[in-house]
file entry.cif (mmCIF, C-alpha atoms)
data_data
#
loop_
_atom_site.group_PDB
_atom_site.id
_atom_site.type_symbol
_atom_site.label_atom_id
_atom_site.label_comp_id
_atom_site.auth_asym_id
_atom_site.auth_seq_id
_atom_site.Cartn_x
_atom_site.Cartn_y
_atom_site.Cartn_z
ATOM 1 C CA MET E 11 2.292 -5.924 14.011
ATOM 2 C CA ARG E 12 -0.794 -3.748 14.078
ATOM 3 C CA LEU E 13 0.981 -0.472 13.356
ATOM 4 C CA LEU E 14 -1.859 1.151 11.472
ATOM 5 C CA GLU E 15 -4.821 -0.507 13.181
ATOM 6 C CA ALA E 16 -5.447 2.323 15.607
ATOM 7 C CA ASN E 17 -4.711 4.975 13.018
ATOM 8 C CA VAL E 18 -6.756 3.901 10.017
ATOM 9 C CA ALA E 19 -10.282 5.209 9.961
ATOM 10 C CA LEU E 20 -12.435 3.651 7.281
ATOM 11 C CA LEU E 21 -14.493 6.769 6.785
ATOM 12 C CA ALA E 22 -16.492 5.844 9.864
ATOM 13 C CA SER E 23 -15.252 8.937 11.633
ATOM 14 C CA ALA E 24 -15.424 11.562 8.918
ATOM 15 C CA ALA E 25 -13.950 14.845 10.070
ATOM 16 C CA THR E 26 -15.476 18.206 9.269
ATOM 17 C CA VAL E 27 -13.299 19.982 6.731
ATOM 18 C CA ALA E 28 -13.528 23.664 5.947
ATOM 19 C CA ALA E 29 -14.198 24.226 2.247
ATOM 20 C CA GLN E 30 -11.492 26.064 0.346
ATOM 21 C CA THR E 31 -11.772 27.422 -3.152
ATOM 22 C CA CYS E 32 -9.321 28.476 -5.790
ATOM 23 C CA ASN E 33 -9.616 29.669 -9.351
ATOM 24 C CA LEU E 34 -8.881 26.974 -11.879
ATOM 25 C CA PRO E 35 -7.716 27.697 -15.400
ATOM 26 C CA SER E 36 -10.444 27.638 -18.052
ATOM 27 C CA SER E 37 -8.343 25.346 -20.233
ATOM 28 C CA TYR E 38 -5.378 23.040 -19.812
ATOM 29 C CA LYS E 39 -2.504 22.241 -22.112
ATOM 30 C CA TRP E 40 -0.732 18.932 -21.692
ATOM 31 C CA SER E 41 2.437 17.913 -23.400
ATOM 32 C CA SER E 42 4.437 14.715 -23.421
ATOM 33 C CA GLN E 43 7.919 13.785 -24.486
ATOM 34 C CA GLY E 44 6.929 10.112 -24.667
ATOM 35 C CA PRO E 45 7.184 7.329 -22.085
ATOM 36 C CA LEU E 46 9.134 8.024 -18.902
ATOM 37 C CA ALA E 47 10.315 4.409 -18.796
ATOM 38 C CA GLN E 48 9.895 1.080 -20.556
ATOM 39 C CA PRO E 49 9.327 -2.223 -18.729
ATOM 40 C CA LYS E 50 12.389 -4.313 -18.002
ATOM 41 C CA ASN E 51 12.958 -7.302 -20.268
ATOM 42 C CA GLY E 52 10.405 -9.974 -19.391
ATOM 43 C CA TRP E 53 7.679 -7.582 -18.227
ATOM 44 C CA ALA E 54 4.872 -6.665 -20.606
ATOM 45 C CA SER E 55 3.862 -3.520 -18.703
ATOM 46 C CA LEU E 56 4.257 -1.297 -15.645
ATOM 47 C CA LYS E 57 1.312 0.397 -13.898
ATOM 48 C CA ASP E 58 -0.058 1.617 -10.542
ATOM 49 C CA PHE E 59 2.858 3.963 -9.833
ATOM 50 C CA THR E 60 3.461 5.438 -6.380
ATOM 51 C CA HIS E 61 6.052 8.173 -5.813
ATOM 52 C CA VAL E 62 7.727 9.860 -2.851
ATOM 53 C CA PRO E 63 10.605 12.291 -2.628
ATOM 54 C CA TYR E 64 13.519 10.583 -0.849
ATOM 55 C CA ASN E 65 16.781 12.351 0.037
ATOM 56 C CA GLY E 66 16.265 14.899 -2.723
ATOM 57 C CA LYS E 67 15.540 12.275 -5.376
ATOM 58 C CA HIS E 68 12.522 10.417 -6.775
ATOM 59 C CA LEU E 69 11.585 6.993 -5.397
ATOM 60 C CA VAL E 70 8.978 5.105 -7.447
ATOM 61 C CA TYR E 71 7.321 1.713 -6.918
ATOM 62 C CA ALA E 72 4.888 0.123 -9.381
ATOM 63 C CA SER E 73 3.066 -3.041 -10.366
ATOM 64 C CA ASP E 74 4.590 -5.088 -13.173
ATOM 65 C CA TYR E 75 2.785 -7.500 -15.463
ATOM 66 C CA THR E 76 4.383 -10.367 -17.389
ATOM 67 C CA GLY E 77 1.366 -11.036 -19.583
ATOM 68 C CA SER E 78 0.027 -13.649 -17.187
ATOM 69 C CA ASN E 79 1.066 -12.620 -13.643
ATOM 70 C CA TYR E 80 1.201 -9.417 -11.621
ATOM 71 C CA GLY E 81 4.203 -8.547 -9.501
ATOM 72 C CA SER E 82 5.813 -5.390 -8.232
ATOM 73 C CA MET E 83 9.037 -3.471 -8.576
ATOM 74 C CA ASN E 84 10.876 -0.275 -7.805
ATOM 75 C CA PHE E 85 13.050 2.082 -9.774
ATOM 76 C CA GLY E 86 16.478 3.062 -8.538
ATOM 77 C CA LEU E 87 16.614 6.619 -7.213
ATOM 78 C CA PHE E 88 16.748 9.310 -9.890
ATOM 79 C CA SER E 89 17.070 13.106 -9.791
ATOM 80 C CA SER E 90 14.968 14.227 -12.735
ATOM 81 C CA TRP E 91 11.940 12.664 -14.426
ATOM 82 C CA SER E 92 13.964 12.585 -17.633
ATOM 83 C CA ASP E 93 16.364 10.199 -15.819
ATOM 84 C CA MET E 94 13.644 7.654 -15.023
ATOM 85 C CA ALA E 95 14.208 5.758 -18.296
ATOM 86 C CA SER E 96 17.788 4.949 -17.307
ATOM 87 C CA ALA E 97 17.049 4.145 -13.644
ATOM 88 C CA SER E 98 17.459 0.521 -12.600
ATOM 89 C CA GLN E 99 14.315 -1.609 -12.236
ATOM 90 C CA THR E 100 14.260 -4.173 -9.419
ATOM 91 C CA GLY E 101 11.578 -6.813 -9.153
ATOM 92 C CA MET E 102 10.285 -7.674 -5.696
ATOM 93 C CA SER E 103 10.427 -11.270 -4.480
ATOM 94 C CA ALA E 104 6.924 -10.947 -2.978
ATOM 95 C CA ALA E 105 4.285 -9.071 -4.979
ATOM 96 C CA THR E 106 2.841 -5.841 -3.581
ATOM 97 C CA VAL E 107 0.348 -5.076 -6.359
ATOM 98 C CA ALA E 108 -1.036 -1.529 -6.731
ATOM 99 C CA PRO E 109 1.362 -0.145 -4.100
ATOM 100 C CA THR E 110 0.973 2.998 -2.009
ATOM 101 C CA LEU E 111 4.227 4.198 -0.434
ATOM 102 C CA PHE E 112 4.477 6.735 2.390
ATOM 103 C CA TYR E 113 6.472 7.649 5.491
ATOM 104 C CA PHE E 114 4.585 7.103 8.755
ATOM 105 C CA ALA E 115 6.143 9.720 11.046
ATOM 106 C CA PRO E 116 4.513 8.622 14.347
ATOM 107 C CA LYS E 117 6.433 5.323 14.117
ATOM 108 C CA SER E 118 9.389 6.631 12.066
ATOM 109 C CA THR E 119 8.912 3.945 9.440
ATOM 110 C CA TRP E 120 8.120 3.546 5.753
ATOM 111 C CA ILE E 121 4.858 1.836 4.798
ATOM 112 C CA LEU E 122 4.110 0.018 1.538
ATOM 113 C CA ALA E 123 0.383 -0.749 1.337
ATOM 114 C CA TYR E 124 -0.931 -3.013 -1.430
ATOM 115 C CA GLN E 125 -3.727 -5.279 -2.682
ATOM 116 C CA TRP E 126 -3.985 -9.039 -3.264
ATOM 117 C CA GLY E 127 -1.773 -10.011 -0.342
ATOM 118 C CA PRO E 128 -2.905 -12.347 2.448
ATOM 119 C CA THR E 129 -5.820 -9.936 3.099
ATOM 120 C CA ALA E 130 -7.733 -7.626 0.746
ATOM 121 C CA PHE E 131 -5.218 -4.899 1.607
ATOM 122 C CA SER E 132 -1.950 -5.524 3.400
ATOM 123 C CA TYR E 133 1.108 -3.480 4.271
ATOM 124 C CA LYS E 134 4.812 -3.965 4.890
ATOM 125 C CA THR E 135 7.274 -1.781 6.789
ATOM 126 C CA SER E 136 10.899 -0.799 6.219
ATOM 127 C CA SER E 137 13.551 1.599 7.444
ATOM 128 C CA ASP E 138 15.069 1.677 3.918
ATOM 129 C CA PRO E 139 12.403 2.119 1.226
ATOM 130 C CA THR E 140 15.004 2.005 -1.570
ATOM 131 C CA ASN E 141 15.589 -1.725 -0.957
ATOM 132 C CA ALA E 142 12.837 -3.426 -2.968
ATOM 133 C CA ASN E 143 13.391 -6.721 -1.141
ATOM 134 C CA GLY E 144 14.061 -5.347 2.340
ATOM 135 C CA TRP E 145 10.443 -5.050 3.494
ATOM 136 C CA SER E 146 8.892 -6.819 6.486
ATOM 137 C CA GLY E 147 6.408 -9.631 6.168
ATOM 138 C CA ALA E 148 2.804 -8.800 5.354
ATOM 139 C CA ASN E 149 0.491 -7.215 7.925
ATOM 140 C CA ALA E 150 -3.296 -6.967 7.628
ATOM 141 C CA LEU E 151 -4.590 -3.513 6.694
ATOM 142 C CA PHE E 152 -8.154 -4.408 5.632
ATOM 143 C CA SER E 153 -9.638 -7.890 5.562
ATOM 144 C CA GLY E 154 -13.199 -6.948 4.642
ATOM 145 C CA SER E 155 -15.079 -7.587 1.444
ATOM 146 C CA ILE E 156 -17.556 -5.765 -0.792
ATOM 147 C CA SER E 157 -20.503 -7.058 -2.770
ATOM 148 C CA GLY E 158 -21.111 -6.778 -6.482
ATOM 149 C CA SER E 159 -17.435 -6.625 -7.430
ATOM 150 C CA GLY E 160 -15.690 -9.501 -9.184
ATOM 151 C CA THR E 161 -12.267 -8.330 -8.032
ATOM 152 C CA GLY E 162 -13.289 -7.409 -4.491
ATOM 153 C CA PRO E 163 -11.691 -4.278 -3.022
ATOM 154 C CA ILE E 164 -8.954 -2.840 -5.281
ATOM 155 C CA ASP E 165 -6.744 0.206 -5.809
ATOM 156 C CA GLN E 166 -6.404 1.475 -2.255
ATOM 157 C CA THR E 167 -4.902 4.755 -1.238
ATOM 158 C CA LEU E 168 -4.165 6.077 2.229
ATOM 159 C CA ILE E 169 -4.420 9.740 3.105
ATOM 160 C CA GLY E 170 -3.380 11.116 6.472
ATOM 161 C CA ASP E 171 -3.981 14.247 8.454
ATOM 162 C CA SER E 172 -2.438 15.305 11.765
ATOM 163 C CA SER E 173 -4.175 12.555 13.733
ATOM 164 C CA ASN E 174 -5.717 9.892 11.449
ATOM 165 C CA MET E 175 -5.081 7.769 8.393
ATOM 166 C CA TYR E 176 -7.988 7.238 5.991
ATOM 167 C CA LEU E 177 -8.297 4.245 3.678
ATOM 168 C CA PHE E 178 -10.060 4.767 0.349
ATOM 169 C CA PHE E 179 -10.521 2.069 -2.286
ATOM 170 C CA ALA E 180 -12.561 1.065 -5.306
ATOM 171 C CA GLY E 181 -14.381 -1.968 -6.595
ATOM 172 C CA ASP E 182 -14.876 -2.939 -10.213
ATOM 173 C CA ASN E 183 -18.560 -2.211 -9.497
ATOM 174 C CA GLY E 184 -17.965 1.520 -10.081
ATOM 175 C CA LYS E 185 -18.080 2.474 -6.397
ATOM 176 C CA ILE E 186 -15.541 4.215 -4.175
ATOM 177 C CA TYR E 187 -15.345 3.214 -0.503
#
call {"tool": "encode", "arguments": {"input": "entry.cif", "output": "structure tokens"}}
result
Amino acid sequence: MRLLEANVALLASAATVAAQTCNLPSSYKWSSQGPLAQPKNGWASLKDFTHVPYNGKHLVYASDYTGSNYGSMNFGLFSSWSDMASASQTGMSAATVAPTLFYFAPKSTWILAYQWGPTAFSYKTSSDPTNANGWSGANALFSGSISGSGTGPIDQTLIGDSSNMYLFFAGDNGKIY
């Protein structure tokens, strides 16, 4: 399936955007109540979080790390960030490392884009994004390469406007593409 092929512009067709300004505070104050969640037994860490609102609740996917292998997971739906610690954690049977989750309205489907699949960046589709193991097979999103980066392309994100999707990513060479 080439669902996104016609809709992903790799910055080749940059649109003109009107500049907008706003006053930013001169200082910021951050506070923390500690970790929002701890990794499930067997995982050393969780990272690369992606979040969407879903039916009035929070839906979060992330990468998990065992200490030697990367995988991916999702949290069960939760209402408040303070509830994240008690939300279930479900590992995915097929890794979708550094996920980006969004709803693709033109095709009425959920998209989970990720790195280190069969191509540099791949994506899966689903009608039920809460089911961690209910995603389609992998589809190619970007099969290119970059030079001067030991990891190749990493840490993608997709941003859409009313007519296009834009793919942005990094390399461990310090560059953004």
call {"tool": "closest_residue", "arguments": {"input": "entry.cif", "among": "E:Thr110, E:Ser73, E:Thr167, E:Thr129", "to": "Ser155 in chain E", "atoms": "all atoms listed in the file"}}
result
E:Thr129
call {"tool": "axis_aligned_box", "arguments": {"input": "entry.cif", "around": "range 51-66 of chain E", "padding_each_side": "6 Å", "output": "AutoDock Vina command-line options"}}
result
--center_x 8.4 --center_y 2.5 --center_z -10.3 --size_x 28.8 --size_y 36.9 --size_z 32.6
call {"tool": "residues_around", "arguments": {"input": "entry.cif", "residues": "His68 in chain E", "least_positions_apart": "2", "cutoff": "9 Å", "atoms": "only C-alpha atoms", "output": "list of chain:residue names"}}
result
E:His61, E:Val62, E:Pro63, E:Tyr64, E:Asn65, E:Gly66, E:Val70, E:Phe85, E:Gly86, E:Leu87, E:Phe88, E:Ser89, E:Ser90, E:Trp91, E:Met94
call {"tool": "atom_distance", "arguments": {"input": "entry.cif", "atom1": "CA of Lys185 in chain E", "atom2": "CA of Gln166 in chain E"}}
result
12.4 Å
call {"tool": "atom_distance", "arguments": {"input": "entry.cif", "atom1": "CA of Leu111 in chain E", "atom2": "CA of Lys39 in chain E"}}
result
29.0 Å
call {"tool": "resolve_selection", "arguments": {"input": "entry.cif", "expression": "the PyMOL selection byres ((chain E and resi 131) around 12)", "output": "PyMOL selection string"}}
result
chain E and resi 106-110+122-130+132-134+148-155+162-168+177-180
call {"tool": "resolve_selection", "arguments": {"input": "entry.cif", "expression": "the PyMOL selection byres ((chain E and resi 172) around 12)", "output": "PyMOL selection string"}}
result
chain E and resi 17+25+114-116+169-171+173-176
call {"tool": "resolve_selection", "arguments": {"input": "entry.cif", "expression": "the PyMOL selection byres ((chain E and resi 75) around 7)", "output": "number ranges by chain"}}
result
E: 53-56, 73-74, 76-81
call {"tool": "atom_distance", "arguments": {"input": "entry.cif", "atom1": "CA of Ile156 in chain E", "atom2": "CA of Gly181 in chain E"}}
result
7.6 Å
call {"tool": "build_atoms", "arguments": {"input": "entry.cif", "residues": "range 75-95 of chain E", "atoms": "N, CA and C atoms", "output": "short mmCIF file (atom, residue, chain, number, x, y, z; two decimals), in the frame of the given file"}}
result
data_model
loop_
_atom_site.label_atom_id
_atom_site.label_comp_id
_atom_site.auth_asym_id
_atom_site.auth_seq_id
_atom_site.Cartn_x
_atom_site.Cartn_y
_atom_site.Cartn_z
N TYR E 75 3.63 -6.45 -14.91
CA TYR E 75 2.78 -7.50 -15.46
C TYR E 75 3.57 -8.24 -16.53
N THR E 76 3.61 -9.56 -16.44
CA THR E 76 4.38 -10.37 -17.39
C THR E 76 3.57 -10.77 -18.61
N GLY E 77 2.28 -10.54 -18.56
CA GLY E 77 1.37 -11.04 -19.58
C GLY E 77 0.45 -12.10 -19.01
N SER E 78 0.87 -12.65 -17.86
CA SER E 78 0.03 -13.65 -17.19
C SER E 78 0.01 -13.48 -15.67
N ASN E 79 1.00 -12.80 -15.10
CA ASN E 79 1.07 -12.62 -13.64
C ASN E 79 1.43 -11.18 -13.28
N TYR E 80 0.85 -10.72 -12.16
CA TYR E 80 1.20 -9.42 -11.62
C TYR E 80 2.28 -9.57 -10.57
N GLY E 81 3.17 -8.62 -10.52
CA GLY E 81 4.20 -8.55 -9.50
C GLY E 81 4.39 -7.09 -9.14
N SER E 82 5.53 -6.78 -8.57
CA SER E 82 5.81 -5.39 -8.23
C SER E 82 7.31 -5.14 -8.31
N MET E 83 7.65 -3.87 -8.36
CA MET E 83 9.04 -3.47 -8.58
C MET E 83 9.27 -2.06 -8.07
N ASN E 84 10.56 -1.68 -8.02
CA ASN E 84 10.88 -0.28 -7.80
C ASN E 84 11.95 0.16 -8.79
N PHE E 85 12.01 1.47 -8.98
CA PHE E 85 13.05 2.08 -9.77
C PHE E 85 14.16 2.51 -8.83
N GLY E 86 15.40 2.46 -9.29
CA GLY E 86 16.48 3.06 -8.54
C GLY E 86 16.23 4.55 -8.42
N LEU E 87 16.80 5.18 -7.41
CA LEU E 87 16.61 6.62 -7.21
C LEU E 87 17.08 7.39 -8.44
N PHE E 88 16.35 8.45 -8.78
CA PHE E 88 16.75 9.31 -9.89
C PHE E 88 16.42 10.76 -9.54
N SER E 89 17.18 11.69 -10.13
CA SER E 89 17.07 13.11 -9.79
C SER E 89 16.02 13.85 -10.59
N SER E 90 15.87 13.51 -11.84
CA SER E 90 14.97 14.23 -12.74
C SER E 90 14.09 13.21 -13.44
N TRP E 91 12.84 13.59 -13.75
CA TRP E 91 11.94 12.66 -14.43
C TRP E 91 12.53 12.19 -15.75
N SER E 92 13.34 13.01 -16.37
CA SER E 92 13.96 12.58 -17.63
C SER E 92 15.00 11.48 -17.40
N ASP E 93 15.41 11.27 -16.16
CA ASP E 93 16.36 10.20 -15.82
C ASP E 93 15.68 8.87 -15.49
N MET E 94 14.36 8.88 -15.42
CA MET E 94 13.64 7.65 -15.02
C MET E 94 13.92 6.50 -16.00
N ALA E 95 14.01 6.80 -17.29
CA ALA E 95 14.21 5.76 -18.30
C ALA E 95 15.50 4.99 -18.08
#
